[in-house]
Every structure is written in C-alpha cells, then in structure tokens.
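Novice: This is the structure I have questions about; it appears just below.
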Amino acid sequence: MRSYSLVARSGILVFSQCLAIWAYAAPTPPTSGLKADQIHVAQSRKTETYIRDGLVVGGDRAITDVAVTGIRRAANPGGFDRIVIDLQGSRDGEPAAVTRPPYYQVALNGLENRISVTVWGNPRLNFDAKKVQEAFKKSALVEQVQLFPRLEDDTWTFSLKLKPKSPVEVFELSNPLRVILDIRGSGNVKIAKNVRKKSKPAPKAKMAISEDTVSEE
C-alpha cells in the first residue's frame with residue numbers, strides 16, 4: 001500500500017492510522033446511481049452554470065503522467081470563491097506540454113454540502129499542503145479542506161466541506177493547465193434541483209477579473 005510512508009513515525013508503521021484514512025477516503029461514487037441530468041461535462045470556459053448535486057467530468061483519459069502543483073483559492077468580486085487546481089503534464093518525470101487536464105471527476109453532494117475532487121493520470125503531489133490549508137481558513141464558503149494521501153497509483157482525491165446551499169461551477173482552462181471550481185454563496189444564485197440554470201452576468205464594473213484570477217491571500 002503506497003500510503004505507508006505517510007503514516008510512519010520514527011520507523012514504526014502505524015497500521016491503524018493507515019486503515020482509518022483508507023476507510024474515510026472512499027472512492028469517487030459511481031455514476032450508475034445518478035440520473036442523466038445529474039451528470040455534466042466540464043466546459044473549457046466559464047458559462048455561469050452552477051449545480052449543487054451531481055457529477056462533473058472532464059479532462060482527457062489519454063493523459064497518464066501529471067503533477068498537481070498547487071491548489072489556490074481567493075474571494076472574487078463577483079460574489080464567489082474561486083478554487084484553482086494547478087496541473088502540469090510530464091514525461092519521464094520531466095515537465096511536458098499537454099493541452100488538457102487528465103481525466104477528473106467532481107462529485108457534489110448537496111445533502112452533505114461536500115465536493116469530492118478526484119484526479120486521474122497517476123498524479124504526483126508537488127504542492128505545500130500547509131499553505132493550502134492556511135489559504136482555505138480565510139474562506140467564507142469553504143468550512144474544511146481534506147487532502148487525502150494517495151491510496152491508488154493512478155488517482156488522487158481531496159474534498160471540500162461547504163457552507164449549506166453553495167452551488168458550484170466547474171470548468172477547465174489551458175496555458176497554463178488548471179481546473180477551476182467557482183463556489184457561490186446561497187444568496188447569490190438561484191438553481192432548481194437537478195436543473196442547470198444560468199445566472200445573470202454581473203456588471204462588468206464588478207467583475208474586474210480574467211478567466212483565472214486567484215491571488216494568494
């Protein structure tokens with residue numbers, strides 16, 4: 001089990017901790033229990049399409065060698081938190097250009113107010129976990145971030161616990177490569193259950209951002 005090194009202390013392997021983490025970090029829920037209108041495909045641009053329940057899929061299954069180089073967040077003037085998952089393609093351990101992210105799934109559970117993000121492509125984790133945790137402490141919409149250890153060779157999962165009734169939009173961008181999660185507060189957008197609905201765009205004066213504007217707070 002590849003997570004052994006994550007729970008070793010002073011040369012002693014702590015099996016109970018490893019098994020507890022494995023049990024808690026359940027795999028991404030299968031799509032078989034979802035209705036057709038609950039499964040969405042991530043677009044390559046922002047479309048103001050927010051959902052609370054369901055599954056968003058995106059990326060390219062052919063990409064099998066990537067690194068997760070960062071997870072950033074910032075409050076946006078448009079009334080949402082922007083989460084950016086920074087990715088980098090690689091070949092034989094060296095950076096390599098890819099035009100799309102690897103295949104990924106974003107599972108949204110409105111009852112538990114939780115997002116689970118799973119990235120395929122044998123992802124290596126090249127970011128500062130403490131820095132990520134500190135950034136999310138400043139969020140008004142994310143209550144908790146959980147960065148799980150890699151329990152499978154080809155995937156990695158992390159989750160976000162949200163404030164109640166916080167819909168999410170997921171899309172992907174390239175050059176540089178990243179997956180975007182925009183999280184809105186419950187009072188900022190109206191969405192019917194299992195129906196994707198576009199909100200009115202905010203006035204340009206309030207949207208002084210590009211497609212990907214996230215600064216370190």
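Residue numbering restarts at 1 in every chain; chains get A, B, ... in the order shown in the structure tokens, and ligands count up from 1 in that same order.
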Can you pull out every residue within 6 Å of Val142 in chain A, counting only C-alpha atoms, but drop anything in the same chain fewer than 2 positions away, and send it as a list of chain:residue names?
Specialist: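 With the cut-off at 6 Å, the set is A:Ser139, A:Gln144, A:Lys161, A:Leu162.
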Novice: Using only C-alpha atoms, which protein or nucleic acid residues come within 10 Å of Glu143 in chain A? Drop anything in the same chain fewer than 3 positions from it, and give the result as a compact mmCIF listing (two decimals) with C-alpha atoms, in the first residue's frame.
Specialist:
```txt
# COMPACT_ATOMS: atom_id res chain seq x y z
CA ASN A 113 -22.52 20.12 1.46
CA ARG A 114 -19.39 18.41 0.20
CA PHE A 136 -8.78 27.91 2.94
CA LYS A 137 -9.02 29.18 6.52
CA LYS A 138 -9.83 32.59 5.05
CA SER A 139 -12.78 31.31 3.01
CA ALA A 140 -16.33 32.36 3.87
CA LEU A 160 -14.15 20.43 0.42
CA LYS A 161 -16.83 20.88 3.06
CA LEU A 162 -19.00 23.85 2.03
CA LYS A 163 -21.43 26.18 3.71
CA PRO A 164 -25.02 24.99 3.14
```
Novice: Write down as a ChimeraX atom specification the residues of range 37-187 of chain A whose backbone DSSP state falls under strand (DSSP E or B).
Specialist: /A:39-41,43,49-51,54-58,60,66-76,80-91,94-95,102,104-109,114-119,124-125,142-147,156-162,168-173,178-184
Novice: If you count only C-alpha atoms, which residues fall within 8 Å of Ser174 in chain A, apart from same-chain ones fewer than 2 positions away, as a count of residues only?
Specialist: 7
Novice: Enter the distance from CA of Asn175 in chain A to CA of Val66 in chain A, in Å, rounded to one decimal.
Specialist: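 Distance between the two atoms: 14.6 Å.
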Novice: I'd like the neighbourhood of range 116-132 of chain A as a compact mmCIF listing (two decimals) with C-alpha atoms, in the first residue's frame, where a residue qualifies if any of its atoms comes within 7 Å (using only C-alpha atoms), though same-chain residues fewer than 4 positions away should be ignored.
Specialist:
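So result-v9.txt came out as:
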```txt
# COMPACT_ATOMS: atom_id res chain seq x y z
CA THR A 28 -15.47 8.54 -6.04
CA ILE A 63 -3.08 11.72 -20.22
CA THR A 64 -1.32 9.42 -17.76
CA ASP A 65 1.52 11.47 -16.28
CA VAL A 66 0.76 14.72 -14.45
CA ALA A 67 1.65 16.68 -11.35
CA VAL A 68 -0.68 18.67 -9.11
CA THR A 69 1.43 21.76 -8.47
CA GLY A 70 -1.00 23.82 -6.40
CA ILE A 71 -4.50 24.37 -5.05
CA ARG A 72 -5.31 28.07 -4.72
CA PRO A 102 -6.08 14.46 -17.16
CA TYR A 103 -9.49 12.88 -16.65
CA TYR A 104 -11.14 14.12 -13.44
CA GLN A 105 -14.43 13.89 -11.58
CA VAL A 106 -16.02 16.44 -9.25
CA ALA A 107 -18.76 14.83 -7.16
CA LEU A 108 -21.17 17.26 -5.48
CA PHE A 136 -8.78 27.91 2.94
CA ASP A 153 -1.47 4.51 -8.14
CA ASP A 154 -3.49 6.28 -10.83
CA THR A 155 -5.75 8.67 -8.84
CA TRP A 156 -5.79 11.22 -6.04
CA THR A 157 -8.77 12.69 -4.17
CA PHE A 158 -9.37 15.71 -1.99
CA SER A 159 -12.62 17.12 -0.62
CA LEU A 160 -14.15 20.43 0.42
```
